[in-house]
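Asker: Structure below; questions to follow.
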Amino acid sequence: MDLKEKLLSSFIALEERVDVHSELHDVRTLALKNFEDKGFPTKKDEAWKYTSLNAILKNDFTVFPKQDNTIEFNQVRKYFLHEIDTYKVVFIDGVFNSFLSSTTHDGIDVCLMSSALNKPKYKMVIDTYFNEIASKEESLTSLNTAFAIEGAYINIPKSKVADKPIEIMYFSTGNEAALLVQPRNLIIVGENSHVQIIERHQSLTENPVLTNSVSEIFAQKRAIVDYYKIQNDNLQANLIDNTFVSQKQESHVSVNTFCFGGNLTRNNLNFYHLGERIVSTLNGITIIGEKQHVDHYTLVQHSQPNCESHQDYKGIFSDKSTGVFNGKIYVEREAQKTNAFQKSNNILLSDKATINAKPQLEIFADDVKCSHGCTIGQLDETAMFYMQSRGIPKKEAKALLMYAFSNAVIESIKIPELKQRITKIIATKLGVKMGFDL
Amino acid sequence: MLSIKNLHASIGDKEILKGINLEVKAGEIHAIMGPNGAGKSTLASIIAGNENYEVTKGEISLDGEDLRDLAPEERAHKGVFLSFQYPVEIPGVSVTNFVRAALNETRKANGQEEMPANEMLKVLREKSQLLEIDRKFLSRSLNEGFSGGEKKRNEIFQMAMLDPKLAILDETDSGLDIDALRIVANGVNKLKSDKNAIVVITHYQRLLDYIVPDFVHVLYNGKIVKSGGKELAHELEEKGYDWIKQEQEA
């Protein structure tokens with residue numbers, strides 16, 4: 001039985017566990033239908049031209065894993081931002097783990113999607129926001145919607161500043177030979193509110209894992225959301241991240257994606273504007289090697305006047321790794337005075353590494369500033385010579401240059417401890433002990 | 001100390017240096033002057049080990065040791081320093097951290113321990129005072145957003161930190177106003193001793209009023225066509241390079 005069939009029959013099993021008479025279940029059923037019609041994307045789909053799921057889909061993934069998996073905090077401490085106090089929503093093989101988590105309902109809600117979906121007091125919020133901006137067309141998002149039962153639920157009411165960052169963590173343990181997890185996150189940030197969120201998917205096993213995650217983020221008027229995705233997984237881990245951001249007027253949302261590994265990673269990142277004077281920031285650093293594959297697929301939909309978007313993606317590719325950057329900026333006729341900028345700078349460190357960069361600008365307004373720039377290059381030889389002539393060996397000089405190359409994006413990290421952590425990961429990735437406080 | 005014999009070098013098919021001879025002894029200051037395109041910066045780059053140029057003939061040695069097969073960093077570890085005409089910007093790496101890495105790599109290569117933090121601080125303070133650099137400057141990203149003068153001052157600051165045997169200053173005076181020129185020259189003079197040597201590469205005589213050379217060489221069309229004392233620099237300033245050109249073509 002192939003994975004698609006397995007999923008379709010698993011849906012029947014799901015129906016035994018959920019309330020099939022709820023409106024939510026109608027949403028699920030409709031989504032399943034879309035997935036059934038479209039199936040998994042293939043390279044024939046324009047949006048998946050450079051990324052093939054074929055090899056991964058051959059695994060016999062378990063859809064409903066065992067429920068009783070536990071891990072000791074010490075085993076996974078290093079994956080958390082343990083230097084500071086944070087809220088934590090932690091899942092093991094897709095199942096919420098209260099022992100590792102630190103949730104709250106005190107002024108803000110940081111808790112579970114399953115409670116939000118099932119408890120009557122959240123019904124109004126769920127009716128308003130759940131699956132509101134997630135794509136109804138895209139088959140993988142539909143697949144997630146069909147099986148959406150668990151994930152993080154974060155609701156920051158009006159005029160609140162979350163007093164500490166929130167970490168959303170998904171661990172997979174290898175209790176299953178091959179595991180498919182489909183987390184579903186819902187994040188609502190009220191008027192004038194501010195929150196910092198870190199999301200990470202981490203496999204603790206050599207068994208194959210496929211994560212098909214969907215996050216919906218709603219930023220109300222003047223809300224500020226800083227979102228960090230840390231992707232530093234092992235070579236059996238595959239991640240398809242579908243993130244949808246809806247912004248109201250004067251809100252600022254930044255999504256920073258730090259992509260250091262995994263076997264295959266696809267980031268679908270979509271921004272929609274519902275008001276004026278919105279700022280959207282999309283930053284990315286990708287440093288990969290071996291046969292790793294990373295595909296950034298971004299969309300910024302400018303629908304309103306006087307908004308800004310900034311995209312800055314840096315990539316360093318070695319060995320036989322492959323990267324894709326596909327950035328679409330869509331400026332509607334009404335969206336005058338739009339400022340939309342996009343940069344994708346890439347360095348190839350090996351003859352066998354590949355990057356496909358494709359900017360797509362569709363502009364229907366006539367008074368806008370839009371720019372895009374994709375560069376693909378090797379390391380600057382003059383800069384190498386400069387550092388070597390000061391006594392810094394080639395390998396270290398290379399690492400310093402790559403660090404300098406990704407610096408603009410590192411500088412945008414607003415949590416100092418996270419910045420330090422990312423710097424450390426980068427130093428390790430570059431194979432160099434940078435023996436100083438950068 | 002530095003011995004260059006019949007040096008020929010080219011980039012691609014183009015021969016730039018066509019038989020250079022130069023002997024620099026410890027304690028000496030040499031100036032290399034010449035019109036644009038004569039090969040001055042090429043010579044500086046080749047001594048420091050820039051791999052873009054190919055040495056096709058001749059020898060370069062430092063204290064009797066052949067430099068030709070050494071990487072730039074190995075030359076640096078043996079005491080060669082090149083102050084760049086256009087220093088490179090390295091965002092995110094502070095001046096202090098860069099200098100510290102450079103210094104410790106050199107110590108490591110020479111079998112020494114890394115410099116202890118307290119000693120490092122002391123030396124940093126001492127050398128930054130020498131070049132009238134304030135502490136805040138040291139925590140800025142290397143050369144990023146520096147003015148022309150700041151970049152050059154920072155080059156000489158690095159020279160002071162690394163304490164090289166042989167320092168080559170490539171057009172260190174370009175882009176400097178008179179105050180910065182004075183500070184830089186003053187720094188260089190204080191670093192000068194009878195154990196090290198300095199090669200100043202410049203288009204103009206101006207810098208040589210402050211850093212007084214023992215010898216002046218005129219480089220033209222890939223060769224040293226004239227050598228003399230410091231008075232040669234004044235002669236060049238008066239007569240311009242056309243004088244040399246005419247003499248060569250005659």
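Scheme for the structure tokens: letters A, B, ... for chains in order shown; per-chain residue numbers from 1; ligand numbers from 1 in order shown.
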Could you list, as a PDB file with N, CA and C atoms, in the first residue's frame, every residue within 9 Å of Lys127 (chain B), counting only C-alpha atoms and ignoring same-chain residues fewer than 5 positions away?
Answerer:
```
ATOM      1  N   LYS B 122      46.596  44.448  27.643  1.00  0.00           N
ATOM      2  CA  LYS B 122      47.658  45.423  27.866  1.00  0.00           C
ATOM      3  C   LYS B 122      48.251  45.881  26.524  1.00  0.00           C
ATOM      4  N   GLU B 132      46.586  56.499  18.371  1.00  0.00           N
ATOM      5  CA  GLU B 132      45.501  57.384  18.789  1.00  0.00           C
ATOM      6  C   GLU B 132      44.130  56.837  18.386  1.00  0.00           C
ATOM      7  N   ILE B 133      43.970  55.537  18.673  1.00  0.00           N
ATOM      8  CA  ILE B 133      42.712  54.855  18.379  1.00  0.00           C
ATOM      9  C   ILE B 133      41.976  54.679  19.703  1.00  0.00           C
ATOM     10  N   PHE B 157      47.875  49.795  12.986  1.00  0.00           N
ATOM     11  CA  PHE B 157      47.597  49.234  14.311  1.00  0.00           C
ATOM     12  C   PHE B 157      47.836  47.716  14.307  1.00  0.00           C
ATOM     13  N   GLN B 158      47.360  47.055  13.252  1.00  0.00           N
ATOM     14  CA  GLN B 158      47.585  45.608  13.149  1.00  0.00           C
ATOM     15  C   GLN B 158      49.071  45.298  13.020  1.00  0.00           C
ATOM     16  N   ALA B 160      51.419  47.063  14.306  1.00  0.00           N
ATOM     17  CA  ALA B 160      51.977  47.242  15.649  1.00  0.00           C
ATOM     18  C   ALA B 160      51.725  46.006  16.513  1.00  0.00           C
ATOM     19  N   MET B 161      50.536  45.439  16.389  1.00  0.00           N
ATOM     20  CA  MET B 161      50.183  44.258  17.184  1.00  0.00           C
ATOM     21  C   MET B 161      51.013  43.039  16.768  1.00  0.00           C
ATOM     22  N   GLY B 187      53.396  56.512  14.126  1.00  0.00           N
ATOM     23  CA  GLY B 187      53.278  55.115  14.570  1.00  0.00           C
ATOM     24  C   GLY B 187      54.353  54.253  13.928  1.00  0.00           C
TER      25      GLY B 187
END
```
Asker: Considering only C-alpha atoms, return as a compact mmCIF listing (two decimals) with C-alpha atoms, in the first residue's frame whatever protein or nucleic-acid residues lie within 12 Å of Gly12 (chain B), sequence-local ones (same chain, fewer than 4 positions apart) excluded.
Answerer:
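What follows is the written file part_13.txt:
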```
# COMPACT_ATOMS: atom_id res chain seq x y z
CA ILE B 16 54.23 42.67 -14.95
CA GLU B 51 48.55 33.44 -5.48
CA ASN B 52 46.97 35.37 -8.34
CA TYR B 53 50.43 36.20 -9.63
CA GLU B 54 52.82 33.65 -11.00
CA VAL B 55 56.50 34.02 -10.31
CA THR B 56 58.05 32.86 -13.58
```
Asker: Which residue, A:Val110, A:Cys370, A:Leu239, A:Ile413, has the smallest gap to Leu140 (chain A) when you use only C-alpha atoms?
Answerer: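 Under the stated criterion, the closest residue is A:Leu239.
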Asker: Among region 58-199 of chain B, which ones does DSSP assign to helix (DSSP H, G or I) (computed from the backbone)? Answer as JSON, numbers by chain.
Answerer: {"B": [72, 73, 74, 75, 76, 77, 95, 96, 97, 98, 99, 100, 101, 102, 103, 104, 105, 106, 107, 108, 109, 117, 118, 119, 120, 121, 122, 123, 124, 125, 126, 127, 128, 129, 130, 135, 136, 137, 138, 148, 149, 150, 151, 152, 153, 154, 155, 156, 157, 158, 159, 160, 161, 162, 178, 179, 180, 181, 182, 183, 184, 185, 186, 187, 188, 189, 190, 191]}
Asker: Selection from above, C-alpha atoms, as an mmCIF file, in the first residue's frame, can you write it?
Answerer:
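Ended up saving to part04.cif:
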```
data_model
loop_
_atom_site.group_PDB
_atom_site.id
_atom_site.type_symbol
_atom_site.label_atom_id
_atom_site.label_comp_id
_atom_site.auth_asym_id
_atom_site.auth_seq_id
_atom_site.Cartn_x
_atom_site.Cartn_y
_atom_site.Cartn_z
ATOM 1 C CA PRO B 72 50.539 33.910 2.559
ATOM 2 C CA GLU B 73 49.845 32.870 6.166
ATOM 3 C CA GLU B 74 53.173 31.039 6.390
ATOM 4 C CA ARG B 75 54.973 34.153 5.226
ATOM 5 C CA ALA B 76 53.059 36.147 7.827
ATOM 6 C CA HIS B 77 54.158 33.669 10.487
ATOM 7 C CA VAL B 95 38.947 44.666 15.115
ATOM 8 C CA THR B 96 39.953 43.171 18.467
ATOM 9 C CA ASN B 97 38.816 39.675 17.570
ATOM 10 C CA PHE B 98 40.488 39.777 14.204
ATOM 11 C CA VAL B 99 43.784 40.990 15.594
ATOM 12 C CA ARG B 100 43.596 38.453 18.392
ATOM 13 C CA ALA B 101 43.024 35.621 15.898
ATOM 14 C CA ALA B 102 45.882 36.858 13.700
ATOM 15 C CA LEU B 103 48.275 37.203 16.624
ATOM 16 C CA ASN B 104 47.443 33.860 18.180
ATOM 17 C CA GLU B 105 47.674 31.993 14.878
ATOM 18 C CA THR B 106 51.144 33.454 14.393
ATOM 19 C CA ARG B 107 52.175 32.493 17.926
ATOM 20 C CA LYS B 108 50.788 29.005 17.422
ATOM 21 C CA ALA B 109 52.730 28.593 14.176
ATOM 22 C CA ALA B 117 43.894 37.641 27.990
ATOM 23 C CA ASN B 118 45.381 40.126 30.452
ATOM 24 C CA GLU B 119 48.549 40.509 28.414
ATOM 25 C CA MET B 120 46.461 40.844 25.247
ATOM 26 C CA LEU B 121 44.485 43.677 26.841
ATOM 27 C CA LYS B 122 47.658 45.423 27.866
ATOM 28 C CA VAL B 123 49.172 45.219 24.374
ATOM 29 C CA LEU B 124 45.896 46.279 22.749
ATOM 30 C CA ARG B 125 45.753 49.330 24.989
ATOM 31 C CA GLU B 126 49.379 50.239 24.394
ATOM 32 C CA LYS B 127 49.260 49.905 20.612
ATOM 33 C CA SER B 128 45.929 51.643 20.219
ATOM 34 C CA GLN B 129 47.316 54.618 22.134
ATOM 35 C CA LEU B 130 50.277 54.676 19.791
ATOM 36 C CA ARG B 135 38.598 51.659 22.666
ATOM 37 C CA LYS B 136 35.244 51.937 20.946
ATOM 38 C CA PHE B 137 36.895 51.726 17.551
ATOM 39 C CA LEU B 138 38.305 48.311 18.461
ATOM 40 C CA GLY B 148 39.853 55.963 4.377
ATOM 41 C CA GLY B 149 41.971 57.328 7.213
ATOM 42 C CA GLU B 150 40.539 54.901 9.776
ATOM 43 C CA LYS B 151 41.249 51.958 7.487
ATOM 44 C CA LYS B 152 44.895 52.923 7.101
ATOM 45 C CA ARG B 153 45.322 53.643 10.773
ATOM 46 C CA ASN B 154 43.831 50.252 11.501
ATOM 47 C CA GLU B 155 46.344 48.627 9.144
ATOM 48 C CA ILE B 156 49.251 50.171 11.022
ATOM 49 C CA PHE B 157 47.597 49.234 14.311
ATOM 50 C CA GLN B 158 47.585 45.608 13.149
ATOM 51 C CA MET B 159 51.219 45.989 12.155
ATOM 52 C CA ALA B 160 51.977 47.242 15.649
ATOM 53 C CA MET B 161 50.183 44.258 17.184
ATOM 54 C CA LEU B 162 51.900 41.682 14.959
ATOM 55 C CA ILE B 178 47.415 65.576 6.989
ATOM 56 C CA ASP B 179 46.565 64.765 10.622
ATOM 57 C CA ALA B 180 45.985 61.098 9.906
ATOM 58 C CA LEU B 181 49.189 61.018 7.867
ATOM 59 C CA ARG B 182 51.115 62.395 10.835
ATOM 60 C CA ILE B 183 49.607 59.847 13.222
ATOM 61 C CA VAL B 184 50.262 56.924 10.892
ATOM 62 C CA ALA B 185 53.833 58.018 10.124
ATOM 63 C CA ASN B 186 54.529 58.644 13.776
ATOM 64 C CA GLY B 187 53.278 55.115 14.570
ATOM 65 C CA VAL B 188 55.479 53.580 11.903
ATOM 66 C CA ASN B 189 58.540 55.481 13.125
ATOM 67 C CA LYS B 190 57.997 54.294 16.681
ATOM 68 C CA LEU B 191 57.748 50.685 15.497
#
```
Asker: What residues in chain A lie within 6 Å of chain B, counting only C-alpha atoms, written as a list in words?
Answerer: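 Taking only C-alpha atoms into account, Ala383, Gln388, Ser389, Arg390, Gly391, Ile392, Pro393, Ala404 and Asn407 of chain A sit within 6 Å of chain B.
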Asker: Using DSSP on the backbone coordinates, identify the residues of region 110-197 of chain B assigned to strand (DSSP E or B); present them as a list in words.
Answerer: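 The strand (DSSP E or B) subset of region 110-197 of chain B is Ser141, Leu142, Leu166, Ala167, Ile168, Leu169, Asp170 and Ala197 of chain B.
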Asker: Just checking: using only C-alpha atoms, which residue out of B:Asp173, B:Glu113, B:Glu15, B:Glu65 ends up closest to Ser3 (chain B)?
Answerer: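 Residue with the minimum atom-to-atom distance to Ser3 (chain B): B:Glu65.
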Asker: Can you pull out the residues contacting Ala178 (chain A)? Cut-off 8 Å, using only C-alpha atoms, and skip same-chain residues under 2 positions away; I want them as a ChimeraX atom specification.
Answerer: /A:59-62,174,176,180,207-209
Asker: Keeping only C-alpha atoms, write those residues as a short mmCIF file (atom, residue, chain, number, x, y, z; two decimals), in the first residue's frame.
Answerer:
```
data_model
loop_
_atom_site.label_atom_id
_atom_site.label_comp_id
_atom_site.auth_asym_id
_atom_site.auth_seq_id
_atom_site.Cartn_x
_atom_site.Cartn_y
_atom_site.Cartn_z
CA ASN A 59 9.15 4.78 3.57
CA ASP A 60 6.41 2.92 5.38
CA PHE A 61 5.52 5.75 7.71
CA THR A 62 3.50 5.22 10.85
CA GLY A 174 12.59 6.38 16.76
CA GLU A 176 8.54 3.74 15.16
CA LEU A 180 5.10 10.83 9.85
CA ASN A 207 14.97 6.13 11.77
CA PRO A 208 13.40 8.19 8.99
CA VAL A 209 11.06 10.98 10.01
#
```
Asker: Using CA of Asn221 (chain B) and CA of Ala38 (chain B) as the two end points, give the distance in Å to one decimal.
Answerer: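 So the answer is 4.8 Å.
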Asker: Skip Tyr204 (chain B) itself and residues of its chain fewer than 2 positions away, then list as a PyMOL selection string all residues within 10 Å of it, counting only C-alpha atoms.
Answerer: chain B and resi 33-35+171+173-174+201-202+206-208+233-234+236-237+240
Asker: Restricting it to N, CA and C atoms, dump the selection as an mmCIF file, in the first residue's frame.
Answerer:
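again22.cif was written with the following content:
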```cif
data_model
loop_
_atom_site.group_PDB
_atom_site.id
_atom_site.type_symbol
_atom_site.label_atom_id
_atom_site.label_comp_id
_atom_site.auth_asym_id
_atom_site.auth_seq_id
_atom_site.Cartn_x
_atom_site.Cartn_y
_atom_site.Cartn_z
ATOM 1 N N MET B 33 59.068 53.977 -5.476
ATOM 2 C CA MET B 33 58.186 54.957 -6.106
ATOM 3 C C MET B 33 58.037 54.616 -7.581
ATOM 4 N N GLY B 34 57.092 55.271 -8.204
ATOM 5 C CA GLY B 34 56.931 55.014 -9.628
ATOM 6 C C GLY B 34 55.555 55.413 -10.090
ATOM 7 N N PRO B 35 55.387 55.585 -11.391
ATOM 8 C CA PRO B 35 54.087 56.000 -11.922
ATOM 9 C C PRO B 35 53.052 54.879 -11.782
ATOM 10 N N GLU B 171 50.925 52.086 -0.514
ATOM 11 C CA GLU B 171 50.147 53.331 -0.667
ATOM 12 C C GLU B 171 49.408 53.683 0.623
ATOM 13 N N ASP B 173 49.680 56.172 2.332
ATOM 14 C CA ASP B 173 49.347 57.595 2.403
ATOM 15 C C ASP B 173 48.106 57.968 1.610
ATOM 16 N N SER B 174 47.646 57.092 0.700
ATOM 17 C CA SER B 174 46.507 57.503 -0.118
ATOM 18 C C SER B 174 45.245 57.570 0.742
ATOM 19 N N ILE B 201 55.751 51.814 -0.213
ATOM 20 C CA ILE B 201 55.414 51.963 -1.622
ATOM 21 C C ILE B 201 54.515 53.177 -1.772
ATOM 22 N N THR B 202 54.919 54.091 -2.589
ATOM 23 C CA THR B 202 54.116 55.313 -2.706
ATOM 24 C C THR B 202 54.302 55.973 -4.067
ATOM 25 N N ARG B 206 55.158 62.893 -0.449
ATOM 26 C CA ARG B 206 54.585 63.432 0.788
ATOM 27 C C ARG B 206 54.875 62.600 2.041
ATOM 28 N N LEU B 207 54.579 61.286 1.965
ATOM 29 C CA LEU B 207 54.744 60.406 3.123
ATOM 30 C C LEU B 207 56.207 60.339 3.561
ATOM 31 N N LEU B 208 57.109 60.503 2.577
ATOM 32 C CA LEU B 208 58.536 60.341 2.855
ATOM 33 C C LEU B 208 59.122 61.522 3.632
ATOM 34 N N ALA B 233 63.817 61.141 -4.038
ATOM 35 C CA ALA B 233 62.379 61.384 -3.893
ATOM 36 C C ALA B 233 62.043 62.848 -4.180
ATOM 37 N N HIS B 234 62.879 63.741 -3.691
ATOM 38 C CA HIS B 234 62.647 65.172 -3.926
ATOM 39 C C HIS B 234 62.800 65.508 -5.411
ATOM 40 N N LEU B 236 62.229 63.521 -7.852
ATOM 41 C CA LEU B 236 61.035 63.014 -8.546
ATOM 42 C C LEU B 236 59.862 63.957 -8.358
ATOM 43 N N GLU B 237 59.740 64.474 -7.127
ATOM 44 C CA GLU B 237 58.644 65.376 -6.806
ATOM 45 C C GLU B 237 58.719 66.628 -7.701
ATOM 46 N N GLY B 240 58.718 65.187 -11.720
ATOM 47 C CA GLY B 240 57.638 64.284 -12.145
ATOM 48 C C GLY B 240 58.202 63.029 -12.775
#
```
Asker: Any idea what's packed within 7 Å of Pro359 (chain A), counting only C-alpha atoms, ignoring anything in its chain fewer than 2 positions away? Could you give it as number ranges by chain?
Answerer: A: 326-328, 357, 361, 372
Asker: Mind checking which residues fall within 10 Å of region 224-226 of chain A, counting only C-alpha atoms, ignoring those fewer than 5 positions away in the same chain, and posting them as a ChimeraX atom specification?
Answerer: /A:161,165,187-198,217-219,247,250-256,279-281,412-415
Asker: Would you kindly return, as an MDAnalysis selection string, each protein, DNA or RNA residue with an atom no farther than 12 Å from any atom of Asn97 (chain A), considering only C-alpha atoms and excluding same-chain residues fewer than 4 positions away?
Answerer: chainID A and resid 67:73 88:93 101:103 111:112 150:152 168:172
Asker: Compare A:Met113, A:Ile133, A:Leu430, A:Ile288 by their minimum atom-to-atom distance to Gly315 (chain A), counting only C-alpha atoms, and give me the closest one.
Answerer: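 Nearest candidate to Gly315 (chain A) out of A:Met113, A:Ile133, A:Leu430, A:Ile288: A:Ile288.
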Asker: May I ask which of the residues A:Leu282, A:Ile376, A:Ala365, A:Ala340 is the closest one to Val324 (chain A), counting only C-alpha atoms?
Answerer: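 Checking each of A:Leu282, A:Ile376, A:Ala365, A:Ala340 against Val324 (chain A), counting only C-alpha atoms, the winner is A:Ile376.
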Asker: Calculate how many Å separate CA of Trp48 (chain A) from CA of Asn232 (chain A), rounding to one decimal.
Answerer: 22.4 Å
